[in-house]
$ cat query00.cif   # mmCIF, C-alpha atoms
data_upload
loop_
_atom_site.label_atom_id
_atom_site.label_comp_id
_atom_site.auth_asym_id
_atom_site.auth_seq_id
_atom_site.Cartn_x
_atom_site.Cartn_y
_atom_site.Cartn_z
CA MET A 78 -18.87 -36.34 -33.40
CA PHE A 79 -15.90 -35.47 -31.16
CA VAL A 80 -13.77 -38.09 -32.89
CA ALA A 81 -14.71 -36.68 -36.31
CA ALA A 82 -13.97 -33.13 -35.11
CA TRP A 83 -10.60 -34.25 -33.74
CA ILE A 84 -9.68 -36.01 -36.99
CA CYS A 85 -10.70 -32.96 -39.05
CA ARG A 86 -9.26 -30.40 -36.62
CA GLN A 87 -6.63 -29.10 -39.06
CA PRO A 88 -9.09 -28.05 -41.82
CA LEU A 89 -11.75 -27.05 -39.28
CA LEU A 90 -9.51 -24.75 -37.25
CA THR A 91 -7.86 -23.34 -40.36
CA THR A 92 -11.29 -22.56 -41.84
CA LEU A 93 -12.37 -20.90 -38.59
CA ALA A 94 -9.29 -18.68 -38.59
CA ARG A 95 -9.70 -17.83 -42.28
CA TRP A 96 -13.30 -16.87 -41.59
CA LEU A 97 -12.01 -14.12 -39.30
CA ASP A 98 -9.74 -12.74 -42.04
CA VAL A 99 -11.71 -10.65 -44.53
CA GLY A 100 -8.71 -8.58 -45.60
CA THR A 101 -8.37 -7.83 -49.28
CA ALA A 102 -5.40 -7.08 -51.53
CA PRO A 103 -4.30 -3.44 -51.12
CA GLN A 104 -5.80 -0.91 -53.53
CA PRO A 105 -4.98 2.77 -54.00
CA THR A 106 -6.95 4.91 -51.52
CA ASP A 107 -6.96 8.51 -50.28
CA TYR A 108 -5.90 7.54 -46.76
CA VAL A 109 -4.34 4.71 -44.83
CA TYR A 110 -5.76 4.39 -41.30
CA VAL A 111 -3.50 2.30 -39.06
CA LEU A 112 -5.42 0.93 -36.09
CA ASN A 113 -3.79 0.73 -32.66
CA GLY A 114 -2.28 -2.56 -31.52
CA ASP A 115 0.48 -4.87 -32.77
CA LEU A 116 3.00 -2.08 -33.24
CA ASN A 117 5.53 -4.59 -34.53
CA VAL A 118 3.55 -5.14 -37.73
CA ARG A 119 0.68 -2.71 -38.41
CA PRO A 120 2.71 0.54 -38.78
CA PHE A 121 5.14 -1.34 -41.05
CA ILE A 122 2.21 -2.26 -43.31
CA GLY A 123 1.01 1.37 -43.27
CA ALA A 124 4.48 2.55 -44.27
CA ALA A 125 4.72 -0.06 -47.02
CA LEU A 126 1.38 1.08 -48.49
CA VAL A 127 2.58 4.68 -48.67
CA ASN A 128 6.05 3.79 -49.94
CA ALA A 129 4.60 1.53 -52.63
CA GLY A 130 2.35 4.35 -53.86
CA TYR A 131 -1.06 3.11 -52.67
CA SER A 132 -1.72 6.30 -50.72
CA ASP A 133 -0.15 9.63 -49.78
CA SER A 134 -1.54 10.09 -46.29
CA VAL A 135 -1.64 8.10 -43.10
CA LEU A 136 -4.06 8.67 -40.22
CA LEU A 137 -3.39 7.64 -36.62
CA VAL A 138 -5.47 8.09 -33.48
CA PRO A 139 -4.20 8.27 -29.86
CA MET A 140 -5.09 5.41 -27.56
CA LYS A 141 -6.09 5.59 -23.89
CA GLN A 142 -3.16 4.22 -21.93
CA PRO A 143 -2.60 3.37 -18.28
CA PRO A 144 -0.71 5.98 -16.26
CA LYS A 145 3.06 5.63 -16.28
CA ARG A 146 6.00 7.24 -14.54
CA ALA A 147 7.20 10.58 -15.89
CA SER A 148 10.65 9.01 -16.24
CA ASP A 149 9.40 6.27 -18.61
CA PRO A 150 10.80 7.24 -22.03
CA THR A 151 8.43 4.96 -24.01
CA PRO A 152 6.30 7.18 -26.25
CA PRO A 153 2.52 6.65 -26.56
CA ALA A 154 1.38 4.01 -29.06
CA HIS A 155 0.41 6.41 -31.87
CA GLU A 156 3.77 8.15 -31.52
CA ILE A 157 5.58 4.81 -31.79
CA ALA A 158 3.56 4.05 -34.94
CA ARG A 159 4.44 7.48 -36.34
CA GLN A 160 8.15 7.03 -35.61
CA VAL A 161 8.13 3.54 -37.17
CA MET A 162 6.64 4.94 -40.37
CA VAL A 163 9.12 7.82 -40.47
CA LYS A 164 11.97 5.32 -39.97
CA ARG A 165 10.56 3.30 -42.84
CA GLY A 166 10.70 6.32 -45.14
CA VAL A 167 7.28 7.97 -44.86
CA GLU A 168 7.47 11.77 -44.82
CA PRO A 169 6.39 13.17 -41.41
CA LYS A 170 4.00 15.63 -43.11
CA SER A 171 2.12 12.69 -44.63
CA ILE A 172 1.16 11.41 -41.18
CA GLU A 173 -1.77 13.01 -39.39
CA VAL A 174 -2.91 12.28 -35.84
CA ILE A 175 -6.69 12.69 -35.71
CA ASP A 176 -8.79 13.67 -32.67
CA GLY A 177 -9.95 11.09 -30.19
CA LEU A 178 -8.72 9.07 -27.27
CA VAL A 179 -9.75 5.55 -28.14
CA ALA A 180 -10.14 2.40 -26.07
CA SER A 181 -11.74 0.04 -28.59
CA THR A 182 -12.19 -0.70 -32.28
CA PHE A 183 -15.58 0.97 -32.02
CA ASP A 184 -13.94 4.19 -30.77
CA GLU A 185 -11.42 4.03 -33.62
CA ALA A 186 -14.21 3.75 -36.17
CA GLU A 187 -16.04 6.65 -34.53
CA SER A 188 -12.91 8.84 -34.60
CA LEU A 189 -12.40 8.22 -38.33
CA ARG A 190 -16.06 8.89 -39.09
CA LYS A 191 -15.93 12.22 -37.20
CA TYR A 192 -12.67 13.17 -38.90
CA LEU A 193 -14.04 12.53 -42.39
CA GLU A 194 -17.28 14.37 -41.58
CA THR A 195 -15.67 17.44 -40.02
CA SER A 196 -13.09 17.73 -42.79
CA GLY A 197 -15.79 17.41 -45.46
CA LYS A 198 -14.24 14.29 -46.98
CA HIS A 199 -17.36 12.14 -46.92
CA SER A 200 -16.45 10.22 -50.03
CA ALA A 201 -12.76 9.67 -49.25
CA THR A 202 -11.50 6.13 -49.67
CA VAL A 203 -9.58 4.65 -46.74
CA SER A 204 -7.44 1.53 -46.29
CA ILE A 205 -7.94 0.28 -42.73
CA VAL A 206 -4.85 -1.60 -41.57
CA THR A 207 -5.28 -4.13 -38.79
CA SER A 208 -4.21 -7.67 -37.89
CA ASN A 209 -5.66 -10.42 -40.09
CA PHE A 210 -7.66 -12.09 -37.27
CA HIS A 211 -9.16 -8.69 -36.39
CA THR A 212 -10.39 -7.73 -39.89
CA ARG A 213 -13.86 -9.31 -39.65
CA ARG A 214 -14.72 -7.57 -36.37
CA THR A 215 -13.23 -4.32 -37.69
CA ARG A 216 -15.25 -4.51 -40.92
CA TRP A 217 -18.38 -5.28 -38.91
CA VAL A 218 -17.84 -2.25 -36.62
CA PHE A 219 -17.01 0.14 -39.46
CA ARG A 220 -20.06 -1.03 -41.42
CA GLN A 221 -22.25 -0.38 -38.38
CA LEU A 222 -20.95 3.17 -38.10
CA PHE A 223 -20.41 4.13 -41.73
CA GLY A 224 -23.50 2.49 -43.24
CA PRO A 225 -23.50 2.68 -47.06
CA ARG A 226 -20.30 4.79 -46.96
CA SER A 227 -18.39 1.71 -45.79
CA GLU A 228 -18.14 0.89 -49.52
CA ASN A 229 -15.26 3.38 -49.53
CA LEU A 230 -13.32 1.40 -46.95
CA ARG A 231 -10.79 -1.35 -47.71
CA PHE A 232 -9.50 -3.70 -45.05
CA VAL A 233 -5.84 -4.61 -45.28
CA ALA A 234 -4.78 -7.60 -43.19
CA ALA A 235 -1.49 -7.46 -41.32
CA PRO A 236 0.10 -10.87 -40.61
CA THR A 237 1.09 -12.17 -37.18
CA ASP A 238 4.61 -13.15 -36.13
CA GLY A 239 5.11 -16.75 -35.10
CA TYR A 240 1.81 -18.28 -36.30
CA ASP A 241 -0.88 -17.98 -38.96
CA ALA A 242 -4.30 -19.38 -39.83
CA THR A 243 -2.88 -22.85 -40.45
CA ASN A 244 -1.22 -23.40 -37.08
CA TRP A 245 -2.60 -20.85 -34.59
CA TRP A 246 -3.92 -23.48 -32.15
CA ARG A 247 -0.49 -25.09 -31.81
CA VAL A 248 1.18 -21.84 -30.69
CA GLU A 249 0.28 -20.51 -27.24
CA ASP A 250 0.04 -16.86 -28.33
CA GLY A 251 -1.97 -17.82 -31.40
CA PHE A 252 -4.41 -19.86 -29.32
CA MET A 253 -4.82 -16.95 -26.94
CA ILE A 254 -5.19 -14.29 -29.67
CA TYR A 255 -7.65 -16.26 -31.83
CA GLY A 256 -9.53 -17.55 -28.78
CA THR A 257 -10.11 -14.07 -27.39
CA GLU A 258 -10.95 -12.74 -30.87
CA PHE A 259 -13.86 -15.19 -31.17
CA LEU A 260 -15.08 -14.07 -27.74
CA LYS A 261 -14.67 -10.40 -28.64
CA PHE A 262 -16.49 -10.85 -31.94
CA GLY A 263 -19.43 -12.42 -30.09
CA PHE A 264 -19.37 -9.61 -27.53
CA TYR A 265 -19.31 -6.90 -30.23
CA VAL A 266 -22.22 -8.41 -32.14
CA PHE A 267 -24.16 -8.59 -28.88
CA ARG A 268 -23.16 -5.20 -27.49
CA TYR A 269 -23.10 -3.02 -30.60
CA GLY A 270 -25.37 -5.05 -32.86
CA HIS A 271 -28.87 -6.32 -32.24
CA GLY A 272 -27.79 -8.79 -29.56
CA LEU A 273 -30.03 -7.37 -26.83
CA LEU A 274 -33.03 -7.26 -29.18
CA ILE A 275 -32.39 -10.81 -30.40
CA SER A 276 -31.95 -12.07 -26.81
CA GLY A 277 -35.17 -10.31 -25.75
CA CYS A 278 -37.07 -11.85 -28.67
CA ALA A 279 -35.58 -15.28 -27.90
CA ILE A 280 -36.67 -15.05 -24.25
CA LEU A 281 -40.19 -13.93 -25.25
CA LEU A 282 -40.38 -16.73 -27.80
CA ALA A 283 -39.20 -19.28 -25.21
CA VAL A 284 -41.77 -18.06 -22.66
CA ALA A 285 -44.56 -18.08 -25.28
CA THR A 286 -43.58 -21.60 -26.43
CA ALA A 287 -43.51 -22.83 -22.82
CA MET A 288 -47.01 -21.35 -22.21
CA VAL A 289 -48.43 -22.94 -25.39
CA VAL A 290 -46.88 -26.33 -24.56
CA ARG A 291 -48.18 -26.11 -20.99
CA ALA A 292 -51.70 -25.18 -22.15
CA ALA A 293 -51.70 -28.00 -24.71
CA TRP A 294 -50.44 -30.44 -22.07
CA SER A 295 -53.09 -29.53 -19.50
CA LYS A 296 -55.80 -29.69 -22.20
CA ARG A 297 -54.60 -33.19 -23.13
CA THR A 298 -54.51 -34.26 -19.46
CA ASP A 299 -58.05 -32.91 -18.92
CA ARG A 300 -59.30 -34.81 -22.00
CA LEU A 301 -57.66 -38.03 -20.82
CA GLY A 302 -59.11 -37.47 -17.33
CA ILE A 303 -62.62 -37.05 -18.78
CA ALA A 304 -62.18 -40.13 -20.97
CA ASP A 305 -60.95 -42.20 -17.98
CA ALA A 306 -63.88 -41.04 -15.89
CA ALA A 307 -66.26 -42.00 -18.71
CA MET B 22 -35.96 -25.21 -18.44
CA ALA B 23 -32.33 -26.21 -17.95
CA LEU B 24 -31.30 -22.82 -19.33
CA LEU B 25 -33.61 -21.05 -16.92
CA VAL B 26 -32.26 -23.04 -13.96
CA GLY B 27 -28.71 -22.29 -15.14
CA ALA B 28 -29.43 -18.58 -15.45
CA LEU B 29 -31.10 -18.48 -12.03
CA THR B 30 -28.21 -20.35 -10.38
CA LEU B 31 -25.73 -17.98 -11.99
CA ALA B 32 -27.76 -14.94 -10.88
CA LEU B 33 -27.92 -16.14 -7.28
CA LEU B 34 -24.50 -17.73 -6.93
CA HIS B 35 -22.40 -15.74 -9.40
CA ARG B 36 -20.10 -14.35 -6.72
CA PRO B 37 -18.82 -17.66 -5.33
CA ILE B 38 -18.77 -19.23 -8.81
CA PHE B 39 -16.76 -16.40 -10.41
CA SER B 40 -14.48 -16.11 -7.37
CA ALA B 41 -13.75 -19.83 -7.57
CA MET B 42 -13.03 -19.51 -11.31
CA TYR B 43 -10.47 -16.80 -10.59
CA SER B 44 -8.96 -18.59 -7.60
CA PHE B 45 -8.45 -21.69 -9.73
CA LEU B 46 -6.05 -19.72 -11.95
CA THR B 47 -4.15 -18.27 -8.99
CA ILE B 48 -1.14 -19.86 -7.35
CA THR B 49 1.11 -18.15 -4.83
CA GLU B 50 3.96 -19.93 -3.13
CA ASP B 51 5.47 -17.56 -0.58
CA ALA B 52 7.66 -20.28 0.90
CA GLY B 53 10.42 -18.30 2.56
CA PRO B 54 13.34 -16.25 1.28
CA VAL B 55 14.84 -16.78 -2.16
CA ALA B 56 18.08 -15.82 -3.84
CA LEU B 57 16.49 -13.98 -6.74
CA VAL B 58 13.16 -12.56 -7.80
CA VAL B 59 12.68 -13.23 -11.51
CA VAL B 60 10.93 -10.58 -13.57
CA THR B 61 9.98 -11.32 -17.17
CA GLY B 62 7.79 -8.33 -18.08
CA ALA B 63 7.36 -4.62 -17.44
CA ASP B 64 4.03 -4.92 -15.61
CA ARG B 65 3.97 -1.98 -13.16
CA LEU B 66 2.38 -4.08 -10.41
CA GLY B 67 4.92 -6.83 -10.90
CA LEU B 68 7.75 -4.34 -10.47
CA ASP B 69 6.10 -3.01 -7.30
CA ARG B 70 5.95 -6.56 -5.97
CA ALA B 71 9.60 -7.23 -6.88
CA GLN B 72 10.62 -4.10 -5.00
CA GLU B 73 8.55 -5.16 -1.95
CA ILE B 74 10.17 -8.59 -1.89
CA VAL B 75 13.70 -7.18 -2.10
CA ALA B 76 12.98 -4.39 0.40
CA GLY B 77 11.44 -6.93 2.79
CA GLY B 78 14.66 -8.94 2.72
CA ASP B 79 12.96 -11.92 1.09
CA ALA B 80 15.34 -11.85 -1.90
CA GLU B 81 18.92 -10.81 -2.46
CA GLY B 82 18.35 -9.37 -5.91
CA VAL B 83 16.28 -9.20 -9.07
CA LEU B 84 16.94 -11.12 -12.28
CA ILE B 85 15.36 -9.66 -15.41
CA VAL B 86 14.92 -12.32 -18.09
CA GLU B 87 14.75 -10.36 -21.35
CA ARG B 88 12.85 -11.78 -24.31
CA ARG B 89 13.84 -11.41 -27.96
CA LEU B 90 13.85 -7.74 -28.87
CA PRO B 91 10.66 -6.62 -30.61
CA ARG B 92 10.91 -5.19 -34.13
CA ILE B 93 10.21 -1.65 -32.89
CA THR B 94 13.21 -1.88 -30.56
CA GLN B 95 15.40 -3.40 -33.25
CA ILE B 96 14.82 -0.36 -35.48
CA GLY B 97 15.52 2.01 -32.58
CA VAL B 98 12.06 3.42 -31.92
CA THR B 99 11.59 2.12 -28.37
CA PRO B 100 14.21 1.46 -25.68
CA ARG B 101 15.18 -2.10 -24.72
CA PRO B 102 12.44 -3.48 -22.46
CA GLY B 103 15.14 -4.90 -20.15
CA ASP B 104 16.68 -1.44 -19.66
CA LEU B 105 13.24 0.03 -18.97
CA ILE B 106 12.50 -2.61 -16.34
CA ARG B 107 15.86 -1.99 -14.71
CA ASP B 108 15.27 1.79 -14.61
CA GLU B 109 11.79 1.26 -13.17
CA LEU B 110 13.16 -0.96 -10.40
CA VAL B 111 15.89 1.53 -9.56
CA ALA B 112 13.28 4.32 -9.55
CA ARG B 113 11.36 2.25 -6.98
CA GLY B 114 14.40 2.13 -4.71
CA VAL B 115 16.01 -1.18 -5.67
CA SER B 116 19.78 -0.74 -5.71
CA ASP B 117 21.21 -0.91 -9.24
CA SER B 118 23.84 -3.39 -8.05
CA LEU B 119 21.11 -5.86 -7.06
CA VAL B 120 19.59 -5.99 -10.55
CA THR B 121 20.90 -8.38 -13.22
CA ASN B 122 19.78 -8.37 -16.85
CA PHE B 123 19.77 -11.70 -18.66
CA PRO B 124 19.18 -11.16 -22.41
CA THR B 125 17.77 -14.19 -24.21
CA ASP B 126 16.26 -15.07 -27.58
CA ALA B 127 13.13 -16.45 -25.91
CA VAL B 128 9.71 -15.53 -27.26
CA THR B 129 7.26 -17.87 -25.52
CA ASN B 130 6.83 -18.43 -21.79
CA TRP B 131 8.14 -21.98 -22.24
CA GLN B 132 11.32 -20.66 -23.84
CA VAL B 133 11.73 -18.10 -21.05
CA VAL B 134 11.57 -20.81 -18.36
CA ARG B 135 13.96 -23.03 -20.35
CA GLU B 136 16.51 -20.20 -20.74
CA LEU B 137 16.14 -19.32 -17.06
CA ASP B 138 16.68 -22.92 -16.04
CA GLN B 139 19.87 -23.15 -18.11
CA TYR B 140 21.08 -19.88 -16.60
CA LEU B 141 20.36 -21.00 -13.04
CA SER B 142 21.98 -24.40 -13.47
CA ARG B 143 25.11 -22.54 -14.57
CA VAL B 144 25.11 -19.60 -12.18
CA ALA B 145 23.14 -20.63 -9.10
CA PRO B 146 22.47 -24.35 -9.24
CA ASP B 147 21.18 -24.77 -5.68
CA ARG B 148 19.56 -21.43 -5.03
CA LYS B 149 15.85 -20.75 -4.93
CA VAL B 150 14.15 -18.22 -7.16
CA ALA B 151 10.69 -16.66 -7.14
CA MET B 152 9.07 -16.04 -10.52
CA LEU B 153 6.58 -13.19 -10.59
CA CYS B 154 3.41 -13.23 -12.64
CA PRO B 155 -0.12 -11.77 -12.54
CA GLN B 156 -2.54 -13.77 -10.36
CA HIS B 157 -4.50 -15.11 -13.32
CA HIS B 158 -1.32 -16.63 -14.83
CA GLY B 159 -0.11 -18.38 -11.67
CA ARG B 160 -1.38 -21.88 -12.44
CA HIS B 161 -0.22 -21.62 -16.04
CA LEU B 162 3.28 -20.60 -14.99
CA ARG B 163 3.43 -23.45 -12.45
CA TRP B 164 2.38 -25.87 -15.20
CA VAL B 165 5.10 -24.59 -17.55
CA ILE B 166 7.79 -24.79 -14.84
CA ASP B 167 6.75 -28.33 -13.90
CA HIS B 168 7.00 -29.44 -17.53
CA VAL B 169 10.20 -27.64 -18.52
CA VAL B 170 12.39 -27.96 -15.42
CA ASP B 171 13.98 -31.22 -14.40
CA ASP B 172 12.25 -32.93 -11.46
CA ALA B 173 15.41 -32.64 -9.41
CA ARG B 174 15.47 -28.85 -9.77
CA VAL B 175 11.78 -27.99 -9.84
CA GLY B 176 11.84 -27.30 -6.09
CA GLN B 177 14.14 -24.34 -6.78
CA TYR B 178 11.22 -22.43 -8.28
CA GLN B 179 8.48 -20.55 -6.48
CA VAL B 180 5.59 -18.81 -8.24
CA ARG B 181 4.60 -15.54 -6.61
CA SER B 182 1.64 -13.85 -8.19
CA PHE B 183 0.43 -10.30 -7.79
CA ALA B 184 -3.11 -8.89 -7.94
CA GLY B 185 -4.40 -7.05 -10.98
CA GLY B 186 -4.58 -3.57 -9.42
CA ASN B 187 -8.18 -2.57 -10.05
CA PHE B 188 -9.58 -6.11 -9.87
CA ASP B 189 -9.18 -9.36 -7.95
CA GLN B 190 -11.20 -12.53 -7.32
CA THR B 191 -14.03 -10.57 -5.67
CA ASN B 192 -14.89 -8.29 -8.58
CA TRP B 193 -13.09 -9.27 -11.80
CA TRP B 194 -16.31 -10.02 -13.68
CA ALA B 195 -17.40 -6.38 -13.40
CA ASN B 196 -14.28 -5.12 -15.19
CA ARG B 197 -14.07 -5.41 -18.98
CA SER B 198 -10.29 -5.64 -19.23
CA ALA B 199 -10.23 -8.15 -16.35
CA LEU B 200 -12.73 -10.31 -18.25
CA VAL B 201 -10.33 -10.46 -21.17
CA LYS B 202 -7.36 -11.14 -18.88
CA VAL B 203 -9.10 -14.00 -17.10
CA ALA B 204 -10.21 -15.44 -20.46
CA VAL B 205 -6.57 -15.23 -21.59
CA GLY B 206 -5.49 -16.94 -18.36
CA TYR B 207 -7.83 -19.85 -19.07
CA LEU B 208 -6.89 -20.05 -22.75
CA ARG B 209 -3.17 -20.19 -21.89
CA LEU B 210 -3.80 -22.85 -19.26
CA PHE B 211 -5.98 -24.94 -21.62
CA HIS B 212 -3.33 -24.65 -24.30
CA ALA B 213 -0.55 -25.70 -21.94
CA ILE B 214 -2.57 -28.71 -20.75
CA GLY B 215 -3.86 -29.67 -24.21
CA PHE B 216 -0.90 -28.93 -26.47
CA GLY B 217 2.07 -28.63 -24.10
CA GLU B 218 4.70 -26.30 -25.44
CA GLY B 219 3.19 -26.51 -28.91
CA GLU B 220 5.09 -25.10 -31.83
CA PHE B 221 6.62 -21.77 -32.62
CA ASP B 222 7.17 -20.64 -36.18
CA ASP B 223 10.45 -18.74 -36.04
CA ASP B 224 10.19 -17.58 -39.64
CA ASN B 225 9.06 -14.03 -38.91
CA TRP B 226 7.29 -11.67 -41.27
CA ASN B 227 9.59 -9.48 -43.34
CA PRO B 228 8.42 -5.87 -43.93
CA ASP B 229 10.86 -5.33 -46.81
CA ALA B 230 9.64 -8.41 -48.68
CA TYR B 231 6.03 -7.29 -48.11
CA GLN B 232 6.74 -3.82 -49.49
CA ARG B 233 8.47 -5.28 -52.55
CA SER B 234 5.54 -7.60 -53.24
CA ILE B 235 2.84 -4.90 -53.02
CA THR B 236 4.99 -2.55 -55.13
CA ARG B 237 5.20 -5.27 -57.78
CA ASN B 238 1.43 -5.86 -57.60
CA LEU B 239 0.69 -2.16 -58.13
CA ALA B 240 3.08 -2.00 -61.07
CA THR B 241 1.47 -5.11 -62.62
CA ALA B 242 -2.02 -3.64 -62.15
CA ALA B 243 -0.94 -0.38 -63.77
#

$ encode --input "query00.cif" --output "structure tokens"
Amino acid sequence: MFVAAWICRQPLLTTLARWLDVGTAPQPTDYVYVLNGDLNVRPFIGAALVNAGYSDSVLLVPMKQPPKRASDPTPPAHEIARQVMVKRGVEPKSIEVIDGLVASTFDEAESLRKYLETSGKHSATVSIVTSNFHTRRTRWVFRQLFGPRSENLRFVAAPTDGYDATNWWRVEDGFMIYGTEFLKFGFYVFRYGHGLLISGCAILLAVATAMVVRAAWSKRTDRLGIADAA
Amino acid sequence: MALLVGALTLALLHRPIFSAMYSFLTITEDAGPVALVVVTGADRLGLDRAQEIVAGGDAEGVLIVERRLPRITQIGVTPRPGDLIRDELVARGVSDSLVTNFPTDAVTNWQVVRELDQYLSRVAPDRKVAMLCPQHHGRHLRWVIDHVVDDARVGQYQVRSFAGGNFDQTNWWANRSALVKVAVGYLRLFHAIGFGEGEFDDDNWNPDAYQRSITRNLATAA
């Protein structure tokens, strides 16, 4: 099996990576929501969507960041994203920073949901921009939070510099990014999905099976013991 | 049954097991004074450590190996990371004259070590340097150095790792970001052992080409 897996590693690993990417071709939407992370690509995609006429408005959300020195001139991540988009030709008034201080994809989804609810735009369509390997987890999280309204969301995949789905395991950064993404996806399904319930049911089922097998075994041993005695 | 035994063992012995997992990634070689402390990233704790080493007289200066400038720096949104690191070191009390910036086109850790090695063989062929890295990258960095640097010069390099701030080998499993960092440490090490330097696709994504293509698509759809 290992030999077969090694021989087929190219198609296997490519398929695995493509499974993570559920991004679709851009479509016109009311908003573009650029998720935090990979500032060297995602804000550029957001700007391109606005410049190409897919949307008129961009939403950003501030991210929790570690403390830094007052003298450090690096702006916070959402401000960098905003400046990138302005540099790329997006009008500053088209960019809105929504409420929230996020630390995870789940928080980002929650911030967008609250924003759309409080501003009365329940049926607004939104293009969610994130890295290609991150789109499946993102879609999963947004579907959990938005329910049937997730039909109004589109997921636009941003590429990665230096590697893609066909060679990620050969590039150290790709191996690290995809490797951790698989772990994170598992964690999210467990933590925010029905993981605890499923685990509980699995443990109960295992205990019940063990009890049934044990009872059947002792019954069989008793029968054999009686037969031997006879 | 095996699962149950495994779970029980982990519950009872998780501390020594997890500590050993972390310690396996960690390498620190504080083998005496060096000519230069090499800094390759802006990690706050790494800069603190660099300052300590220089202030303690264990190094004569700091060498900042700069990687290829990120796109956001190229378009003028963020300052050069190398300048930031320099300013941070000076703010910590390291004299500006002791800090040297070495701009390179390196992207991967392997390329950084290769560029550094070429620089040292030119500028300081016999002098020792200490490369700084987070604890959970120590073994990986040692592996990269051993496979990039010539055997004759590998003794010039020390790896000095620094702790993660709010976690170390005694508690990393209770910290979510530490869990990710340790996983990354293992993934990098596995990759280095399994694939060596691997490949790097230098043909980077082009935002202008992307914008042109989606503009075309919208026009076609209309």

$ residues_around --input "query00.cif" --residues "Tyr207 in chain B" --least-positions-apart "3" --cutoff "9 Å" --atoms "all atoms listed in the file" --output "number ranges by chain"
A: 253; B: 46, 157-158, 161, 202-204, 210-212

$ closest_atom_pairs --input "query00.cif" --of "chain A" --to "chain B" --cutoff "6 Å" --atoms "all atoms listed in the file" --output "Markdown table"
| residue | atom | partner | partner_atom | distance |
| --- | --- | --- | --- | --- |
| A:Asn117 | CA | B:Arg92 | CA | 5.4 |
| A:Ala125 | CA | B:Gln232 | CA | 4.9 |
| A:Ala129 | CA | B:Thr236 | CA | 4.8 |
| A:Asp238 | CA | B:Asn225 | CA | 5.3 |
| A:Gly239 | CA | B:Asp222 | CA | 4.5 |
| A:Tyr240 | CA | B:Asp222 | CA | 5.9 |
| A:Arg247 | CA | B:Gly219 | CA | 4.9 |
| A:Val248 | CA | B:Glu220 | CA | 5.2 |
| A:Met253 | CA | B:Leu208 | CA | 5.6 |

$ atom_distance --input "query00.cif" --atom1 "CA of Arg220 in chain A" --atom2 "CA of Ala186 in chain A"
9.2 Å

$ residues_around --input "query00.cif" --residues "range 192-194 of chain B" --least-positions-apart "6" --cutoff "12 Å" --atoms "all atoms listed in the file" --output "list in words"
His35, Arg36, Pro37, Ile38, Phe39, Ser40, Ala41, Met42, Tyr43, Ser44, Gln156, His157, Ala184, Gly185, Gly186, Leu200, Val201, Lys202, Val203 and Ala204 of chain B

$ atom_distance --input "query00.cif" --atom1 "CA of Ala242 in chain A" --atom2 "CA of Arg214 in chain A"
16.1 Å

$ axis_aligned_box --input "query00.cif" --around "range 160-174 of chain A" --padding-each-side "8 Å" --output "AutoDock Vina command-line options"
--center_x 4.5 --center_y 9.5 --center_z -40.4 --size_x 30.9 --size_y 28.3 --size_z 25.5

$ atom_distance --input "query00.cif" --atom1 "CA of Ile254 in chain A" --atom2 "CA of Gln87 in chain A"
17.6 Å
